[in-house]
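Shown below: entry-v7.cif, with mmCIF, C-alpha atoms.
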```cif
data_protein
loop_
_atom_site.label_atom_id
_atom_site.label_comp_id
_atom_site.auth_asym_id
_atom_site.auth_seq_id
_atom_site.Cartn_x
_atom_site.Cartn_y
_atom_site.Cartn_z
CA MET C 1 -13.86 6.10 14.24
CA SER C 2 -10.31 7.14 13.31
CA ARG C 3 -9.64 8.93 10.04
CA HIS C 4 -6.60 7.87 8.08
CA VAL C 5 -5.01 6.90 4.76
CA SER C 6 -5.36 3.16 4.12
CA ILE C 7 -3.28 0.84 1.95
CA VAL C 8 -4.75 -1.78 -0.38
CA THR C 9 -2.67 -4.26 -2.34
CA ASP C 10 -3.31 -7.64 -3.96
CA SER C 11 -2.60 -11.24 -3.03
CA THR C 12 0.61 -11.43 -5.07
CA ALA C 13 2.41 -9.15 -2.58
CA TYR C 14 2.94 -12.19 -0.30
CA LEU C 15 3.35 -10.10 2.83
CA PRO C 16 3.16 -12.15 6.03
CA ALA C 17 -0.35 -12.11 7.46
CA ARG C 18 0.84 -10.70 10.79
CA THR C 19 2.62 -7.85 9.00
CA MET C 20 -0.51 -6.97 7.05
CA GLU C 21 -2.63 -7.03 10.19
CA ARG C 22 -0.14 -4.91 12.14
CA HIS C 23 -0.07 -2.24 9.44
CA GLY C 24 -3.73 -2.44 8.46
CA ILE C 25 -3.00 -3.43 4.85
CA THR C 26 -5.93 -4.88 2.90
CA SER C 27 -5.33 -7.53 0.22
CA VAL C 28 -7.56 -8.22 -2.80
CA PRO C 29 -7.20 -11.82 -4.03
CA LEU C 30 -6.43 -12.85 -7.59
CA THR C 31 -7.98 -16.06 -8.88
CA VAL C 32 -6.47 -19.35 -9.99
CA VAL C 33 -8.54 -21.38 -12.44
CA LEU C 34 -7.81 -25.07 -11.97
CA GLY C 35 -9.70 -27.07 -14.58
CA ASP C 36 -13.24 -25.74 -14.23
CA GLN C 37 -12.77 -24.41 -10.69
CA ALA C 38 -12.09 -20.71 -9.97
CA LEU C 39 -10.29 -20.46 -6.62
CA GLU C 40 -9.17 -17.38 -4.69
CA GLU C 41 -5.45 -17.18 -4.01
CA GLY C 42 -4.54 -17.44 -0.36
CA THR C 43 -7.82 -18.93 0.82
CA GLU C 44 -9.14 -21.56 -1.57
CA ILE C 45 -6.06 -23.16 -3.14
CA SER C 46 -2.81 -24.25 -1.54
CA THR C 47 0.57 -24.08 -3.23
CA ARG C 48 0.88 -27.83 -2.70
CA SER C 49 -2.33 -28.44 -4.64
CA LEU C 50 -1.08 -26.12 -7.37
CA ALA C 51 2.30 -27.85 -7.64
CA GLN C 52 0.60 -31.23 -7.90
CA ALA C 53 -1.71 -29.94 -10.65
CA LEU C 54 1.21 -28.50 -12.61
CA GLN C 55 3.22 -31.70 -12.31
CA LYS C 56 0.22 -33.61 -13.69
CA ARG C 57 0.02 -31.03 -16.51
CA ARG C 58 -3.53 -30.07 -15.61
CA SER C 59 -4.90 -26.84 -17.06
CA VAL C 60 -4.02 -23.93 -14.73
CA THR C 61 -4.67 -20.27 -15.55
CA THR C 62 -4.98 -17.09 -13.51
CA SER C 63 -7.42 -14.20 -13.48
CA ARG C 64 -7.43 -10.66 -12.14
CA PRO C 65 -9.94 -9.50 -9.51
CA SER C 66 -13.03 -7.91 -11.05
CA PRO C 67 -13.68 -4.16 -10.73
CA GLU C 68 -16.67 -5.10 -8.56
CA VAL C 69 -14.39 -6.82 -6.04
CA PHE C 70 -12.20 -3.72 -5.87
CA ALA C 71 -15.25 -1.46 -5.54
CA ARG C 72 -16.52 -3.51 -2.60
CA THR C 73 -13.09 -3.43 -0.98
CA TYR C 74 -12.80 0.35 -1.35
CA ARG C 75 -16.27 0.82 0.20
CA GLU C 76 -15.38 -1.38 3.16
CA VAL C 77 -12.07 0.41 3.72
CA ALA C 78 -13.82 3.80 3.55
CA GLU C 79 -16.44 2.62 6.04
CA SER C 80 -13.62 1.68 8.43
CA GLY C 81 -12.63 5.35 8.57
CA ALA C 82 -10.23 5.90 5.67
CA THR C 83 -10.21 9.38 4.18
CA GLY C 84 -8.05 8.24 1.28
CA ILE C 85 -6.75 4.98 -0.19
CA VAL C 86 -3.49 4.05 -1.88
CA SER C 87 -4.02 0.92 -3.98
CA LEU C 88 -0.71 -0.71 -4.96
CA HIS C 89 -0.58 -3.59 -7.41
CA LEU C 90 1.57 -5.96 -9.38
CA SER C 91 2.97 -4.90 -12.71
CA ALA C 92 0.38 -4.01 -15.33
CA GLU C 93 2.67 -5.76 -17.82
CA LEU C 94 1.89 -9.05 -16.06
CA SER C 95 -1.76 -8.69 -15.06
CA GLY C 96 -4.94 -6.69 -15.61
CA THR C 97 -5.27 -6.14 -11.85
CA TYR C 98 -4.15 -2.51 -12.08
CA ASP C 99 -6.74 -1.77 -14.80
CA ALA C 100 -9.54 -3.33 -12.74
CA ALA C 101 -8.54 -1.22 -9.73
CA LEU C 102 -8.57 1.93 -11.87
CA VAL C 103 -12.14 1.25 -13.00
CA ALA C 104 -13.33 0.77 -9.41
CA ALA C 105 -11.45 3.82 -8.12
CA ARG C 106 -13.59 6.16 -10.25
CA GLU C 107 -16.68 5.32 -8.19
CA ALA C 108 -15.06 4.97 -4.77
CA PRO C 109 -16.55 6.99 -1.87
CA VAL C 110 -13.11 8.42 -0.96
CA PRO C 111 -10.14 9.40 -3.16
CA VAL C 112 -8.17 6.37 -4.39
CA ARG C 113 -4.71 6.52 -5.96
CA VAL C 114 -4.04 3.37 -7.96
CA VAL C 115 -0.35 2.64 -8.52
CA ASP C 116 1.27 0.24 -10.98
CA THR C 117 4.38 -0.59 -8.96
CA GLY C 118 5.95 -2.57 -11.82
CA MET C 119 6.69 -5.18 -9.16
CA VAL C 120 5.47 -8.59 -8.02
CA ALA C 121 5.78 -10.82 -4.94
CA MET C 122 7.66 -9.21 -2.03
CA ALA C 123 9.00 -6.56 -4.40
CA LEU C 124 5.38 -5.37 -4.33
CA GLY C 125 5.09 -6.23 -0.64
CA PHE C 126 7.96 -3.95 0.33
CA CYS C 127 6.29 -1.09 -1.59
CA ALA C 128 3.01 -1.65 0.25
CA LEU C 129 4.85 -1.76 3.57
CA ALA C 130 6.64 1.53 2.81
CA ALA C 131 3.33 3.21 1.95
CA ALA C 132 1.72 1.86 5.14
CA GLU C 133 4.57 3.16 7.30
CA ALA C 134 4.25 6.60 5.68
CA ALA C 135 0.50 6.62 6.32
CA GLU C 136 1.00 5.55 9.94
CA SER C 137 3.26 8.56 10.42
CA GLY C 138 0.40 10.83 9.41
CA GLY C 139 1.33 11.01 5.73
CA THR C 140 -1.10 12.04 3.04
CA VAL C 141 -2.10 9.92 0.06
CA ASP C 142 0.58 11.67 -2.02
CA GLU C 143 3.24 11.04 0.64
CA ALA C 144 2.32 7.35 0.89
CA VAL C 145 2.51 7.02 -2.90
CA THR C 146 5.91 8.74 -2.92
CA ALA C 147 7.19 6.36 -0.25
CA ALA C 148 6.05 3.35 -2.29
CA GLU C 149 7.57 4.70 -5.50
CA LYS C 150 10.87 5.43 -3.78
CA ARG C 151 10.95 1.89 -2.42
CA ALA C 152 10.21 0.50 -5.88
CA GLU C 153 13.14 2.44 -7.36
CA GLY C 154 15.51 0.72 -4.92
CA THR C 155 14.08 -2.78 -5.35
CA SER C 156 15.23 -5.55 -7.69
CA ALA C 157 13.85 -9.05 -8.19
CA TYR C 158 15.70 -12.05 -9.61
CA PHE C 159 14.39 -15.54 -10.34
CA TYR C 160 15.67 -19.01 -11.08
CA VAL C 161 13.23 -21.42 -12.72
CA ASP C 162 13.76 -25.04 -13.73
CA THR C 163 12.04 -24.38 -17.06
CA LEU C 164 10.60 -21.43 -18.99
CA ASP C 165 7.68 -23.53 -20.25
CA TYR C 166 5.21 -22.24 -17.65
CA LEU C 167 6.08 -18.59 -18.34
CA ARG C 168 5.77 -19.21 -22.07
CA ARG C 169 2.38 -20.91 -21.72
CA GLY C 170 1.05 -18.00 -19.70
CA GLY C 171 2.37 -15.41 -22.12
CA ARG C 172 4.69 -13.87 -19.51
CA ILE C 173 7.80 -14.44 -21.60
CA GLY C 174 8.19 -14.59 -25.36
CA ALA C 175 8.41 -17.86 -27.27
CA ALA C 176 11.82 -16.89 -28.67
CA GLN C 177 13.16 -16.22 -25.18
CA ALA C 178 11.70 -19.50 -23.94
CA LEU C 179 13.38 -21.40 -26.78
CA PHE C 180 16.66 -19.61 -26.10
CA GLY C 181 16.47 -20.45 -22.41
CA SER C 182 15.65 -24.10 -23.04
CA ALA C 183 18.40 -24.72 -25.58
CA LEU C 184 21.09 -27.19 -24.54
CA ALA C 185 19.38 -27.75 -21.16
CA VAL C 186 20.33 -24.24 -20.06
CA LYS C 187 19.03 -23.15 -16.66
CA PRO C 188 17.64 -19.61 -16.93
CA LEU C 189 18.08 -16.71 -14.56
CA LEU C 190 15.42 -14.01 -14.92
CA LYS C 191 15.03 -10.42 -13.79
CA LEU C 192 12.02 -8.17 -13.34
CA ASP C 193 12.82 -5.24 -15.63
CA GLY C 194 10.44 -2.43 -16.50
CA GLY C 195 7.57 -4.47 -15.12
CA ARG C 196 8.37 -7.40 -17.43
CA ILE C 197 10.12 -10.70 -16.83
CA ASP C 198 13.24 -10.90 -18.99
CA LEU C 199 16.04 -13.39 -19.37
CA LEU C 200 19.12 -12.22 -17.50
CA GLU C 201 21.65 -15.01 -17.94
CA LYS C 202 21.89 -18.63 -19.03
CA VAL C 203 23.73 -21.10 -16.81
CA ARG C 204 24.50 -24.74 -17.53
CA THR C 205 23.31 -26.44 -14.35
CA ALA C 206 20.86 -25.79 -11.54
CA SER C 207 23.59 -25.66 -8.87
CA LYS C 208 25.64 -23.15 -10.87
CA ALA C 209 22.51 -21.08 -11.58
CA ILE C 210 21.65 -20.85 -7.88
CA ALA C 211 25.24 -19.97 -7.00
CA ARG C 212 25.14 -17.25 -9.64
CA LEU C 213 21.81 -15.99 -8.27
CA GLU C 214 23.43 -15.67 -4.84
CA GLU C 215 26.35 -13.76 -6.34
CA ILE C 216 24.06 -11.36 -8.23
CA VAL C 217 22.04 -10.63 -5.10
CA ALA C 218 25.12 -10.04 -2.95
CA ASP C 219 26.56 -7.67 -5.55
CA ARG C 220 23.24 -5.84 -5.87
CA ALA C 221 22.94 -5.41 -2.10
CA GLY C 222 26.51 -4.22 -1.63
CA SER C 223 26.99 -2.66 1.81
CA ALA C 224 23.72 -0.70 1.84
CA GLU C 225 20.93 -1.36 4.32
CA VAL C 226 18.55 -3.74 2.57
CA ASP C 227 15.63 -6.06 3.17
CA ILE C 228 15.66 -9.38 1.32
CA ALA C 229 12.91 -11.86 0.54
CA VAL C 230 13.65 -15.37 -0.67
CA HIS C 231 10.71 -17.00 -2.45
CA HIS C 232 10.26 -20.56 -3.67
CA LEU C 233 7.74 -23.06 -4.96
CA SER C 234 8.20 -26.64 -3.73
CA ALA C 235 11.87 -25.86 -3.03
CA HIS C 236 11.98 -25.14 0.71
CA ASP C 237 15.41 -26.65 1.35
CA ARG C 238 16.99 -24.72 -1.52
CA ALA C 239 15.38 -21.48 -0.31
CA SER C 240 16.45 -21.96 3.32
CA ALA C 241 20.03 -22.78 2.33
CA LEU C 242 20.21 -19.72 0.07
CA ALA C 243 18.80 -17.50 2.81
CA ASP C 244 21.41 -18.79 5.27
CA ARG C 245 24.21 -17.98 2.85
CA LEU C 246 22.84 -14.50 2.17
CA ARG C 247 22.79 -13.76 5.91
CA THR C 248 26.57 -14.09 5.91
CA ARG C 249 27.19 -12.40 2.55
CA VAL C 250 25.08 -9.24 2.89
CA PRO C 251 26.55 -6.97 5.58
CA GLY C 252 23.71 -4.42 5.47
CA LEU C 253 20.91 -6.98 5.80
CA VAL C 254 18.08 -5.71 8.04
CA ASP C 255 15.15 -8.08 7.50
CA LEU C 256 15.10 -11.42 5.72
CA HIS C 257 11.87 -13.14 4.71
CA VAL C 258 11.63 -16.72 3.42
CA SER C 259 8.29 -17.81 1.98
CA GLU C 260 6.63 -19.99 -0.59
CA VAL C 261 4.96 -18.02 -3.37
CA GLY C 262 1.21 -18.24 -3.79
CA ALA C 263 -0.68 -20.03 -6.48
CA VAL C 264 -0.85 -17.13 -8.95
CA ILE C 265 2.91 -16.65 -9.32
CA GLY C 266 3.49 -20.38 -8.98
CA ALA C 267 1.16 -21.09 -11.88
CA HIS C 268 3.42 -19.07 -14.17
CA THR C 269 6.79 -20.28 -12.90
CA GLY C 270 6.26 -23.93 -12.00
CA PRO C 271 7.75 -26.02 -9.17
CA GLY C 272 11.42 -25.40 -8.44
CA LEU C 273 11.16 -21.61 -8.52
CA LEU C 274 13.73 -19.75 -6.44
CA GLY C 275 13.38 -15.98 -6.34
CA VAL C 276 15.15 -13.23 -4.43
CA VAL C 277 13.95 -9.67 -3.88
CA VAL C 278 16.49 -7.06 -2.75
CA SER C 279 15.00 -3.81 -1.46
CA ALA C 280 17.05 -0.84 -0.28
CA ARG C 281 15.81 0.92 2.83
#
```

Go through the file and emit its structure as structure tokens.
Amino acid sequence: MSRHVSIVTDSTAYLPARTMERHGITSVPLTVVLGDQALEEGTEISTRSLAQALQKRRSVTTSRPSPEVFARTYREVAESGATGIVSLHLSAELSGTYDAALVAAREAPVPVRVVDTGMVAMALGFCALAAAEAAESGGTVDEAVTAAEKRAEGTSAYFYVDTLDYLRRGGRIGAAQALFGSALAVKPLLKLDGGRIDLLEKVRTASKAIARLEEIVADRAGSAEVDIAVHHLSAHDRASALADRLRTRVPGLVDLHVSEVGAVIGAHTGPGLLGVVVSAR
């Protein structure tokens, strides 16, 4: 049985399954509560089912994993041969996932470093991937954490949403900001800042907002070597078209991922979401 540092993250990282398998990354699922059903993200609820529920204005909420789920995961990872674990999670400003992981880490059979990346979606995924690559190179827990933190420092996430209502309902953006963003049919552009989702700009139409999102991303990437992830919810054509344009506009582009977000993020953004993560190598 090999001895190594293992990486744990959560289901909001949205790393491709093959990438997680290749790098031995373990994911702990968050839960989506649809009416009176509690469903695990990634296995028990599809994004299509979520979008349909949101469009019908059904009650949709989300829930962190319990400390017991994390404790079981840490035991299983330790039993697979890990001598240490780096547990990287979405922003503590957005979810109690980090706190639940901290509770479980105290009783884990091997040392566990729990990290609030301040990120979400592939902004978190890129951090987990950096930590895994450091561990694969023989890095210690501290070195894997440092790699993840360095990647987080060079990562930005921007979002277009059709409406701020879903973020307001879930408490992820203030009522005043939601009102500001909805005034005069403004289409909001958002940014992940300090682990929080904040309004970045207001644009008059959806087409102009998406064009502005493209411009912001291209400016942020500059000529540096970067990885980019384009996320969406029920907006595949928009996401694919934006990704194609970014391929020509970002000279230092290394990897480009296009994916639909899972149910947890989708529950707070609503259908029509278009998000872009820019992560410097």

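Here CA of Val112 in chain C stands at a distance of 17.3 Å from CA of Leu129 in chain C.
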
The PyMOL selection byres ((chain C and resi 71-74) around 12) resolved against shown file, as a PyMOL selection string: chain C and resi 5-10+25-29+65-70+75-87+100-114

When you look at Leu30 in chain C with a cut-off of 9 Å (counting only C-alpha atoms), what residues show up, excluding the ones that are within fewer than 5 positions of it in the same chain? I need them as an NGL selection string. :C and (10-12 or 39-42 or 62-66 or 97 or 264)

So how many Å separate CA of Ala131 in chain C and CA of Arg247 in chain C, to one decimal?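 That distance, rounded to one decimal, is 26.1 Å.
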
So what does the PyMOL selection byres ((chain C and resi 253) around 9) actually pick up in this one, as a ChimeraX atom specification? /C:221,223-228,246-247,249-252,254-256

Counting all atoms listed in the file, write as a PyMOL selection string all protein and nucleic acid residues lying at most 8 Å from (9.4, -10.4, -4.1) in the file's frame. chain C and resi 13-14+119-126+157+229-231+275-278

Please compute the CA of Thr19 in chain C-CA of Glu260 in chain C distance, one decimal, in Å.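 Separating CA of Thr19 in chain C from CA of Glu260 in chain C is a distance of 16.0 Å.
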
Can you list, as number ranges by chain, the residues that the PyMOL selection byres ((chain C and resi 200) around 6) selects here? C: 189-191, 199, 201
